[in-house]
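Source file: entry_22.txt. Holds: compact mmCIF, C-alpha atoms and all ligand atoms.
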# COMPACT_ATOMS: atom_id res chain seq x y z
CA MET A 1 61.44 -13.73 2.97
CA ALA A 2 58.83 -14.14 5.72
CA GLU A 3 60.32 -14.67 9.15
CA ARG A 4 59.48 -18.37 9.11
CA PRO A 5 59.38 -19.92 5.65
CA TYR A 6 56.57 -22.38 5.05
CA ILE A 7 57.68 -25.50 3.17
CA VAL A 8 54.75 -27.70 2.15
CA GLY A 9 54.99 -31.10 0.49
CA ASN A 10 52.17 -32.17 -1.82
CA TRP A 11 52.26 -35.92 -2.28
CA LYS A 12 49.49 -35.80 -4.93
CA MET A 13 48.21 -39.32 -5.76
CA ASN A 14 51.26 -41.02 -4.29
CA GLY A 15 51.65 -42.98 -1.12
CA THR A 16 50.35 -46.01 0.71
CA ARG A 17 51.00 -46.92 4.33
CA ALA A 18 54.46 -48.06 3.24
CA MET A 19 55.31 -44.36 2.87
CA LEU A 20 54.53 -43.54 6.48
CA SER A 21 58.21 -44.05 7.29
CA GLU A 22 59.06 -41.09 5.01
CA ALA A 23 56.50 -38.90 6.79
CA ARG A 24 57.93 -39.98 10.14
CA ALA A 25 61.47 -39.14 9.02
CA ILE A 26 60.34 -35.72 7.76
CA ASP A 27 58.58 -35.05 11.05
CA ARG A 28 61.57 -36.05 13.19
CA ALA A 29 63.98 -33.99 11.11
CA ALA A 30 61.64 -30.96 11.11
CA GLN A 31 62.15 -30.83 14.85
CA ARG A 32 65.76 -29.82 14.17
CA TYR A 33 64.79 -26.96 11.82
CA MET A 34 62.41 -24.92 13.91
CA LYS A 35 63.09 -21.78 11.85
CA VAL A 36 61.06 -23.43 9.09
CA GLU A 37 57.37 -24.37 9.22
CA VAL A 38 57.12 -27.78 7.56
CA ALA A 39 53.88 -29.36 6.37
CA LEU A 40 52.73 -32.33 4.31
CA ALA A 41 49.58 -32.92 2.28
CA PRO A 42 49.38 -36.70 1.79
CA PRO A 43 46.53 -38.33 -0.15
CA ALA A 44 43.22 -38.37 1.78
CA THR A 45 43.68 -42.04 2.66
CA LEU A 46 46.81 -41.23 4.70
CA ILE A 47 45.78 -38.00 6.44
CA HIS A 48 44.74 -39.69 9.67
CA ALA A 49 47.73 -42.02 9.81
CA VAL A 50 50.24 -39.23 9.15
CA HIS A 51 48.44 -36.98 11.65
CA ARG A 52 48.80 -39.68 14.34
CA GLU A 53 52.52 -40.03 13.70
CA ALA A 54 53.39 -36.34 13.35
CA GLU A 55 54.55 -34.30 16.32
CA GLN A 56 56.01 -31.29 14.55
CA ILE A 57 54.75 -30.92 11.00
CA GLY A 58 51.35 -29.64 9.90
CA ILE A 59 49.10 -32.06 8.03
CA GLY A 60 46.74 -31.03 5.29
CA ALA A 61 44.60 -32.27 2.43
CA GLN A 62 44.87 -31.69 -1.31
CA ASP A 63 41.21 -30.86 -1.96
CA CYS A 64 37.74 -30.87 -0.46
CA HIS A 65 34.14 -30.72 -1.69
CA PRO A 66 32.36 -27.37 -1.21
CA GLY A 67 29.31 -29.00 0.41
CA GLU A 68 28.91 -30.08 4.02
CA ALA A 69 27.57 -33.61 3.45
CA GLY A 70 25.24 -35.57 1.23
CA ALA A 71 24.99 -37.45 -2.04
CA HIS A 72 28.43 -36.77 -3.52
CA THR A 73 29.92 -40.17 -4.24
CA GLY A 74 33.66 -40.26 -3.89
CA ASP A 75 34.00 -36.79 -2.38
CA VAL A 76 35.14 -35.68 1.06
CA SER A 77 34.01 -32.52 2.85
CA ALA A 78 36.17 -29.98 4.65
CA ALA A 79 34.75 -31.13 8.00
CA MET A 80 35.70 -34.75 7.18
CA ILE A 81 39.32 -33.92 6.42
CA ALA A 82 39.48 -31.74 9.54
CA ASP A 83 38.10 -34.68 11.51
CA ALA A 84 40.86 -36.88 10.05
CA GLY A 85 43.47 -34.46 11.41
CA ALA A 86 44.03 -31.97 8.59
CA LYS A 87 44.76 -28.41 9.62
CA PHE A 88 44.84 -26.98 6.09
CA VAL A 89 43.73 -27.78 2.57
CA ILE A 90 45.32 -27.01 -0.80
CA LEU A 91 42.67 -25.61 -3.16
CA GLY A 92 42.74 -24.59 -6.80
CA HIS A 93 45.78 -26.65 -7.78
CA SER A 94 46.22 -26.58 -11.54
CA GLU A 95 45.93 -30.36 -11.69
CA ARG A 96 42.41 -30.05 -10.26
CA ARG A 97 41.55 -27.08 -12.44
CA GLN A 98 42.68 -28.99 -15.54
CA GLY A 99 41.95 -32.63 -14.67
CA HIS A 100 38.58 -31.98 -13.00
CA GLY A 101 37.45 -28.84 -14.80
CA GLU A 102 37.37 -26.80 -11.59
CA SER A 103 36.25 -23.21 -12.18
CA ASP A 104 37.19 -20.15 -10.15
CA ALA A 105 33.61 -20.07 -8.81
CA LEU A 106 33.81 -23.66 -7.55
CA ILE A 107 37.19 -22.96 -5.96
CA ALA A 108 35.74 -19.88 -4.24
CA ASP A 109 32.98 -22.08 -2.75
CA LYS A 110 35.55 -24.63 -1.57
CA VAL A 111 37.58 -21.86 0.10
CA GLN A 112 34.50 -20.66 1.99
CA SER A 113 33.61 -24.14 3.07
CA ALA A 114 37.18 -24.95 4.23
CA ILE A 115 37.35 -21.77 6.29
CA ALA A 116 33.94 -22.49 7.82
CA ALA A 117 35.31 -25.89 8.88
CA GLY A 118 38.26 -24.21 10.63
CA LEU A 119 40.90 -25.15 8.05
CA ARG A 120 43.65 -22.91 6.74
CA VAL A 121 43.69 -22.66 2.96
CA ILE A 122 46.59 -22.74 0.52
CA LEU A 123 45.07 -21.19 -2.58
CA CYS A 124 46.98 -22.04 -5.78
CA CYS A 125 47.17 -19.89 -8.87
CA GLY A 126 49.35 -19.92 -11.97
CA GLU A 127 49.36 -19.39 -15.70
CA ASN A 128 50.15 -21.78 -18.54
CA ALA A 129 52.99 -21.23 -21.01
CA GLU A 130 50.72 -19.73 -23.67
CA THR A 131 49.41 -17.08 -21.32
CA ARG A 132 52.94 -16.19 -20.19
CA ASP A 133 54.19 -16.00 -23.77
CA ALA A 134 51.29 -13.67 -24.58
CA GLY A 135 52.42 -11.33 -21.77
CA LYS A 136 49.20 -11.94 -19.83
CA ALA A 137 50.49 -13.96 -16.86
CA GLU A 138 49.96 -11.27 -14.22
CA GLU A 139 46.48 -10.33 -15.38
CA PHE A 140 45.49 -14.02 -15.45
CA VAL A 141 46.87 -14.90 -12.02
CA LEU A 142 45.41 -11.83 -10.33
CA GLY A 143 42.06 -12.67 -11.95
CA GLN A 144 42.18 -16.19 -10.47
CA LEU A 145 42.90 -14.75 -7.04
CA ARG A 146 40.28 -12.00 -7.19
CA ALA A 147 37.69 -14.64 -8.03
CA ALA A 148 38.52 -17.02 -5.19
CA LEU A 149 39.96 -15.03 -2.28
CA PRO A 150 37.36 -14.74 0.47
CA LYS A 151 36.25 -11.44 2.00
CA ILE A 152 37.11 -12.22 5.60
CA GLU A 153 38.48 -10.18 8.50
CA ASP A 154 41.15 -12.62 9.69
CA ALA A 155 42.67 -13.42 6.29
CA GLY A 156 46.20 -13.42 7.70
CA ASP A 157 45.45 -16.36 9.99
CA ARG A 158 43.53 -18.31 7.37
CA LEU A 159 45.21 -17.91 4.03
CA THR A 160 48.38 -18.77 2.15
CA VAL A 161 48.73 -18.17 -1.59
CA ALA A 162 50.83 -20.48 -3.78
CA TYR A 163 52.00 -19.16 -7.15
CA GLU A 164 52.64 -22.18 -9.35
CA PRO A 165 53.21 -21.52 -13.06
CA ILE A 166 51.81 -24.59 -14.80
CA TRP A 167 54.77 -24.87 -17.17
CA ALA A 168 57.10 -25.22 -14.18
CA ILE A 169 55.22 -28.00 -12.39
CA GLY A 170 56.96 -31.35 -12.64
CA THR A 171 59.09 -30.22 -15.58
CA GLY A 172 62.41 -29.58 -13.85
CA ARG A 173 62.19 -26.00 -15.21
CA ALA A 174 61.58 -23.66 -12.27
CA ALA A 175 60.62 -20.05 -13.00
CA LYS A 176 63.39 -17.45 -13.05
CA PRO A 177 63.87 -15.54 -9.78
CA SER A 178 63.12 -12.24 -11.55
CA ASP A 179 59.78 -13.59 -12.84
CA ILE A 180 58.92 -15.00 -9.41
CA GLU A 181 59.73 -11.66 -7.80
CA ALA A 182 57.56 -9.73 -10.26
CA MET A 183 54.57 -12.05 -9.83
CA HIS A 184 54.84 -12.25 -6.04
CA GLY A 185 55.09 -8.46 -5.92
CA ALA A 186 51.88 -8.14 -7.94
CA ILE A 187 50.13 -10.69 -5.70
CA ARG A 188 51.26 -8.78 -2.61
CA GLU A 189 49.78 -5.57 -4.01
CA LEU A 190 46.47 -7.34 -4.53
CA LEU A 191 46.51 -8.75 -0.98
CA ASP A 192 47.31 -5.28 0.42
CA GLU A 193 44.40 -3.85 -1.54
CA MET A 194 41.97 -6.58 -0.43
CA TYR A 195 42.92 -7.02 3.21
CA GLY A 196 44.98 -3.97 4.17
CA GLU A 197 48.72 -4.03 4.68
CA ALA A 198 48.73 -5.36 8.26
CA GLU A 199 46.61 -8.43 7.48
CA SER A 200 48.25 -8.95 4.09
CA ALA A 201 51.70 -9.04 5.71
CA LYS A 202 50.69 -12.21 7.57
CA ILE A 203 49.78 -14.04 4.34
CA ARG A 204 52.72 -15.99 2.94
CA ILE A 205 53.06 -16.32 -0.81
CA LEU A 206 54.66 -19.66 -1.68
CA TYR A 207 56.35 -20.47 -4.96
CA GLY A 208 55.77 -23.92 -6.49
CA GLY A 209 57.15 -25.54 -9.64
CA SER A 210 60.21 -27.82 -9.75
CA VAL A 211 61.64 -26.68 -6.44
CA ASP A 212 64.50 -28.93 -5.33
CA SER A 213 67.34 -28.80 -2.85
CA LYS A 214 69.62 -27.11 -5.41
CA ASN A 215 67.38 -24.19 -6.42
CA ALA A 216 65.58 -23.79 -3.07
CA PRO A 217 68.09 -21.41 -1.42
CA THR A 218 67.95 -19.05 -4.44
CA ILE A 219 64.16 -19.19 -4.79
CA LEU A 220 63.51 -18.84 -1.06
CA ALA A 221 65.72 -15.74 -0.94
CA VAL A 222 63.60 -13.94 -3.57
CA PRO A 223 61.68 -10.97 -2.08
CA GLU A 224 58.06 -11.85 -1.20
CA VAL A 225 58.69 -15.61 -1.38
CA GLY A 226 57.41 -16.93 1.94
CA GLY A 227 58.09 -20.59 1.27
CA ALA A 228 57.59 -23.35 -1.27
CA LEU A 229 54.92 -25.80 -2.35
CA VAL A 230 56.81 -28.92 -3.39
CA GLY A 231 55.53 -31.86 -5.43
CA GLY A 232 58.01 -34.44 -6.72
CA ALA A 233 60.81 -33.54 -4.32
CA SER A 234 58.57 -34.06 -1.27
CA LEU A 235 58.13 -37.78 -1.82
CA THR A 236 61.27 -38.84 0.03
CA ALA A 237 62.52 -37.46 3.30
CA GLU A 238 66.00 -37.10 1.86
CA LYS A 239 64.97 -34.83 -1.02
CA PHE A 240 62.38 -32.86 0.95
CA LEU A 241 64.70 -32.22 3.86
CA GLY A 242 67.27 -30.78 1.46
CA ILE A 243 64.72 -28.06 0.73
CA VAL A 244 63.93 -27.58 4.42
CA VAL A 245 67.64 -27.11 5.13
CA GLY A 246 67.80 -24.55 2.28
CA GLY A 247 64.86 -22.70 3.87
CA SER A 248 66.51 -22.73 7.26
CA GLU A 249 69.69 -21.25 5.82
CA THR A 250 67.86 -18.32 4.23
CA VAL A 251 66.36 -17.20 7.55
CA GLU A 252 68.39 -14.43 9.11
CA ALA A 253 70.02 -15.52 12.36
C1 LIG B 1 53.00 -29.01 -7.43
O1 LIG B 1 52.35 -29.71 -8.19
O2 LIG B 1 52.42 -28.38 -6.51
C2 LIG B 1 54.42 -28.90 -7.65
C3 LIG B 1 55.00 -27.79 -7.30
O3 LIG B 1 55.05 -29.96 -8.25
P1 LIG B 1 56.63 -30.12 -8.55
O4 LIG B 1 57.37 -29.65 -7.32
O5 LIG B 1 56.80 -31.57 -8.81
O6 LIG B 1 56.93 -29.25 -9.72
Please render this file's structure as C-alpha cells.
Amino acid sequence: MAERPYIVGNWKMNGTRAMLSEARAIDRAAQRYMKVEVALAPPATLIHAVHREAEQIGIGAQDCHPGEAGAHTGDVSAAMIADAGAKFVILGHSERRQGHGESDALIADKVQSAIAAGLRVILCCGENAETRDAGKAEEFVLGQLRAALPKIEDAGDRLTVAYEPIWAIGTGRAAKPSDIEAMHGAIRELLDEMYGEAESAKIRILYGGSVDSKNAPTILAVPEVGGALVGGASLTAEKFLGIVVGGSETVEA
C-alpha cells in the first residue's frame, strides 16, 4: 500500500446541482481522514461548482479531447477542464473505449494533451472476461499501457494507473485479491522498466471494479494497490466515505 492511498470517485453521467450536497459532505468528511487522498470526478457540467465548494478533495474530469481548440462540437479540451478547476483527468476508461470506440492511439494523444495542460492523468486499463478466460489478461493490459503511457521525465508527479477489469465494473463482482496482486505486480514491473524504479515508485496503481465499503479494506491491503477508482459507490457521501474510512484504516499508524 502506498503511504497515502488515493480514493477517487467517478460519478460518470450522474449528477445535477442537486448532488452538490453530496460533494460537500465528502469534502468535509475528507478533512477528518488526512491519511487518505480523496478526489472526485463529477460530470463536466459540475466541475466548476464542485471545485468552488471543495476545500480538501481533488477535482477532476472524466475525459478530454486531444486537441487544443476548434471545430469539435460537444467536446471539451484539457485546458478547458483545467480552467473549470480540474486538477486531473481520467483517460482510457473502458466505457469510453467501448461506448466511443476510443483506440489506444487516441488515448495516448489525450494523455499528452492533458499533461501539456498541466493536468495529472489517471490512465485506465483492463481486460474483458473473454481475454481473462483465455489467459491473456496481463499481455492485454500491459499492451494498453505501453501504447498510451507517455515518455516523460516527471512521470511520478503526473501519472496514476487504474487497473479496472471490465467484468468487475458495476457488476458487484470485484476481482480476487490474488488476481489484483498479480496484475498490479506486472504493471509495476512495466512502470519500473519505463520510468526507472525511483519515478515508478511515485506512481500509484489504483484498483477499480465494484469496490465498496465491505471489500475496500481487503482490496486496499493488497500489495501494490495504491488506492481505488470507485464508480457506483461514490454517488453518495455515506457509501463513498465508508471506502475512505477503509483506506484510512489500512495505512500504518
Ligand atoms: C468504474 O467505472 O470506474 C468503476 C470502478 O465502477 P464501479 O465501482 O461501479 O464498479
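When only C-alpha atoms and all ligand atoms are used to measure the gap to ligand LIG 1 (chain B), the shortest distance among A:Gly70, A:Pro217, A:Gly172, A:Gly226 belongs to A:Gly172.
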Set out as CSV a contact list for chain A and ligand LIG 1 (chain B) with a cut-off of 8 Å, giving each residue of chain A that qualifies its closest atom pair and distance in Å to one decimal, counting all atoms listed in the file, ordered by chain and rising residue number.
residue,atom,partner,partner_atom,distance
A:Gly9,CA,B:LIG1,O2,7.9
A:Asn10,CA,B:LIG1,O2,6.0
A:Lys12,CA,B:LIG1,O1,7.5
A:His93,CA,B:LIG1,O2,7.0
A:Ser94,CA,B:LIG1,O1,7.7
A:Glu95,CA,B:LIG1,O1,7.3
A:Glu164,CA,B:LIG1,C3,6.4
A:Ala168,CA,B:LIG1,O6,6.0
A:Ile169,CA,B:LIG1,O6,3.4
A:Gly170,CA,B:LIG1,O6,3.6
A:Thr171,CA,B:LIG1,O6,6.3
A:Gly172,CA,B:LIG1,O6,6.9
A:Ala174,CA,B:LIG1,O6,7.7
A:Tyr207,CA,B:LIG1,C3,7.8
A:Gly208,CA,B:LIG1,C3,4.0
A:Gly209,CA,B:LIG1,O6,3.7
A:Ser210,CA,B:LIG1,O6,3.6
A:Val211,CA,B:LIG1,O4,5.3
A:Asp212,CA,B:LIG1,O4,7.4
A:Ala228,CA,B:LIG1,C3,7.9
A:Leu229,CA,B:LIG1,C3,5.3
A:Val230,CA,B:LIG1,O4,4.0
A:Gly231,CA,B:LIG1,O3,3.4
A:Gly232,CA,B:LIG1,O5,3.8
A:Ala233,CA,B:LIG1,O4,6.0
A:Ser234,CA,B:LIG1,O4,7.6
Selected residues, C-alpha atoms, written as a PDB file, keeping the file's coordinate frame, please.
ATOM      1  CA  GLY A   9      54.990 -31.100   0.490  1.00  0.00           C
ATOM      2  CA  ASN A  10      52.170 -32.170  -1.820  1.00  0.00           C
ATOM      3  CA  LYS A  12      49.490 -35.800  -4.930  1.00  0.00           C
ATOM      4  CA  HIS A  93      45.780 -26.650  -7.780  1.00  0.00           C
ATOM      5  CA  SER A  94      46.220 -26.580 -11.540  1.00  0.00           C
ATOM      6  CA  GLU A  95      45.930 -30.360 -11.690  1.00  0.00           C
ATOM      7  CA  GLU A 164      52.640 -22.180  -9.350  1.00  0.00           C
ATOM      8  CA  ALA A 168      57.100 -25.220 -14.180  1.00  0.00           C
ATOM      9  CA  ILE A 169      55.220 -28.000 -12.390  1.00  0.00           C
ATOM     10  CA  GLY A 170      56.960 -31.350 -12.640  1.00  0.00           C
ATOM     11  CA  THR A 171      59.090 -30.220 -15.580  1.00  0.00           C
ATOM     12  CA  GLY A 172      62.410 -29.580 -13.850  1.00  0.00           C
ATOM     13  CA  ALA A 174      61.580 -23.660 -12.270  1.00  0.00           C
ATOM     14  CA  TYR A 207      56.350 -20.470  -4.960  1.00  0.00           C
ATOM     15  CA  GLY A 208      55.770 -23.920  -6.490  1.00  0.00           C
ATOM     16  CA  GLY A 209      57.150 -25.540  -9.640  1.00  0.00           C
ATOM     17  CA  SER A 210      60.210 -27.820  -9.750  1.00  0.00           C
ATOM     18  CA  VAL A 211      61.640 -26.680  -6.440  1.00  0.00           C
ATOM     19  CA  ASP A 212      64.500 -28.930  -5.330  1.00  0.00           C
ATOM     20  CA  ALA A 228      57.590 -23.350  -1.270  1.00  0.00           C
ATOM     21  CA  LEU A 229      54.920 -25.800  -2.350  1.00  0.00           C
ATOM     22  CA  VAL A 230      56.810 -28.920  -3.390  1.00  0.00           C
ATOM     23  CA  GLY A 231      55.530 -31.860  -5.430  1.00  0.00           C
ATOM     24  CA  GLY A 232      58.010 -34.440  -6.720  1.00  0.00           C
ATOM     25  CA  ALA A 233      60.810 -33.540  -4.320  1.00  0.00           C
ATOM     26  CA  SER A 234      58.570 -34.060  -1.270  1.00  0.00           C
TER      27      SER A 234
END
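With CA of Val225 (chain A) on one side and CA of Phe140 (chain A) on the other, the separation reads 19.4 Å.
Using all atoms listed in the file for every distance, the candidate list A:Gly227, A:Lys214, A:Gln112, A:Ala155 yields A:Ala155 as the residue closest to Ala201 (chain A).
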Point out the residue among A:Pro150, A:Gly126, A:Pro42, A:Gly101 with the least atom-to-atom distance to Ala86 (chain A), counting all atoms listed in the file. A:Pro42
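Between CA of Glu37 (chain A) and CA of Tyr163 (chain A) the separation is 18.0 Å.
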Start from the incomplete input, build N, CA, C and O atoms for region 161-175 of chain A, and deliver everything as a PDB file, in the coordinates of the input.
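Final output, selection_25.pdb:
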ATOM      1  N   VAL A 161      48.891 -18.107  -0.128  1.00  0.00           N
ATOM      2  CA  VAL A 161      48.730 -18.170  -1.590  1.00  0.00           C
ATOM      3  C   VAL A 161      49.928 -18.923  -2.151  1.00  0.00           C
ATOM      4  O   VAL A 161      51.053 -18.758  -1.661  1.00  0.00           O
ATOM      5  N   ALA A 162      49.708 -19.783  -3.126  1.00  0.00           N
ATOM      6  CA  ALA A 162      50.830 -20.480  -3.780  1.00  0.00           C
ATOM      7  C   ALA A 162      50.816 -20.124  -5.271  1.00  0.00           C
ATOM      8  O   ALA A 162      49.847 -20.445  -5.979  1.00  0.00           O
ATOM      9  N   TYR A 163      51.870 -19.457  -5.714  1.00  0.00           N
ATOM     10  CA  TYR A 163      52.000 -19.160  -7.150  1.00  0.00           C
ATOM     11  C   TYR A 163      52.748 -20.321  -7.798  1.00  0.00           C
ATOM     12  O   TYR A 163      53.904 -20.602  -7.468  1.00  0.00           O
ATOM     13  N   GLU A 164      52.064 -21.009  -8.708  1.00  0.00           N
ATOM     14  CA  GLU A 164      52.640 -22.180  -9.350  1.00  0.00           C
ATOM     15  C   GLU A 164      52.420 -22.092 -10.868  1.00  0.00           C
ATOM     16  O   GLU A 164      51.359 -22.521 -11.364  1.00  0.00           O
ATOM     17  N   PRO A 165      53.386 -21.542 -11.600  1.00  0.00           N
ATOM     18  CA  PRO A 165      53.210 -21.520 -13.060  1.00  0.00           C
ATOM     19  C   PRO A 165      53.111 -22.951 -13.587  1.00  0.00           C
ATOM     20  O   PRO A 165      53.932 -23.806 -13.233  1.00  0.00           O
ATOM     21  N   ILE A 166      52.102 -23.210 -14.396  1.00  0.00           N
ATOM     22  CA  ILE A 166      51.810 -24.590 -14.800  1.00  0.00           C
ATOM     23  C   ILE A 166      52.993 -25.207 -15.559  1.00  0.00           C
ATOM     24  O   ILE A 166      53.315 -26.379 -15.390  1.00  0.00           O
ATOM     25  N   TRP A 167      53.652 -24.381 -16.362  1.00  0.00           N
ATOM     26  CA  TRP A 167      54.770 -24.870 -17.170  1.00  0.00           C
ATOM     27  C   TRP A 167      55.983 -25.250 -16.322  1.00  0.00           C
ATOM     28  O   TRP A 167      56.915 -25.885 -16.824  1.00  0.00           O
ATOM     29  N   ALA A 168      55.964 -24.892 -15.047  1.00  0.00           N
ATOM     30  CA  ALA A 168      57.100 -25.220 -14.180  1.00  0.00           C
ATOM     31  C   ALA A 168      56.828 -26.450 -13.314  1.00  0.00           C
ATOM     32  O   ALA A 168      57.744 -26.994 -12.695  1.00  0.00           O
ATOM     33  N   ILE A 169      55.573 -26.895 -13.287  1.00  0.00           N
ATOM     34  CA  ILE A 169      55.220 -28.000 -12.390  1.00  0.00           C
ATOM     35  C   ILE A 169      55.671 -29.331 -12.984  1.00  0.00           C
ATOM     36  O   ILE A 169      55.267 -29.697 -14.092  1.00  0.00           O
ATOM     37  N   GLY A 170      56.520 -30.013 -12.250  1.00  0.00           N
ATOM     38  CA  GLY A 170      56.960 -31.350 -12.640  1.00  0.00           C
ATOM     39  C   GLY A 170      57.822 -31.390 -13.890  1.00  0.00           C
ATOM     40  O   GLY A 170      58.034 -32.461 -14.460  1.00  0.00           O
ATOM     41  N   THR A 171      58.318 -30.254 -14.329  1.00  0.00           N
ATOM     42  CA  THR A 171      59.090 -30.220 -15.580  1.00  0.00           C
ATOM     43  C   THR A 171      60.593 -30.121 -15.349  1.00  0.00           C
ATOM     44  O   THR A 171      61.373 -30.236 -16.296  1.00  0.00           O
ATOM     45  N   GLY A 172      60.981 -29.812 -14.115  1.00  0.00           N
ATOM     46  CA  GLY A 172      62.410 -29.580 -13.850  1.00  0.00           C
ATOM     47  C   GLY A 172      62.851 -28.193 -14.298  1.00  0.00           C
ATOM     48  O   GLY A 172      64.031 -27.877 -14.290  1.00  0.00           O
ATOM     49  N   ARG A 173      61.889 -27.359 -14.717  1.00  0.00           N
ATOM     50  CA  ARG A 173      62.190 -26.000 -15.210  1.00  0.00           C
ATOM     51  C   ARG A 173      61.514 -24.982 -14.301  1.00  0.00           C
ATOM     52  O   ARG A 173      60.409 -24.517 -14.550  1.00  0.00           O
ATOM     53  N   ALA A 174      62.171 -24.641 -13.193  1.00  0.00           N
ATOM     54  CA  ALA A 174      61.580 -23.660 -12.270  1.00  0.00           C
ATOM     55  C   ALA A 174      61.568 -22.285 -12.928  1.00  0.00           C
ATOM     56  O   ALA A 174      62.376 -22.007 -13.826  1.00  0.00           O
ATOM     57  N   ALA A 175      60.667 -21.430 -12.476  1.00  0.00           N
ATOM     58  CA  ALA A 175      60.620 -20.050 -13.000  1.00  0.00           C
ATOM     59  C   ALA A 175      61.879 -19.301 -12.590  1.00  0.00           C
ATOM     60  O   ALA A 175      62.531 -19.642 -11.600  1.00  0.00           O
TER      61      ALA A 175
END
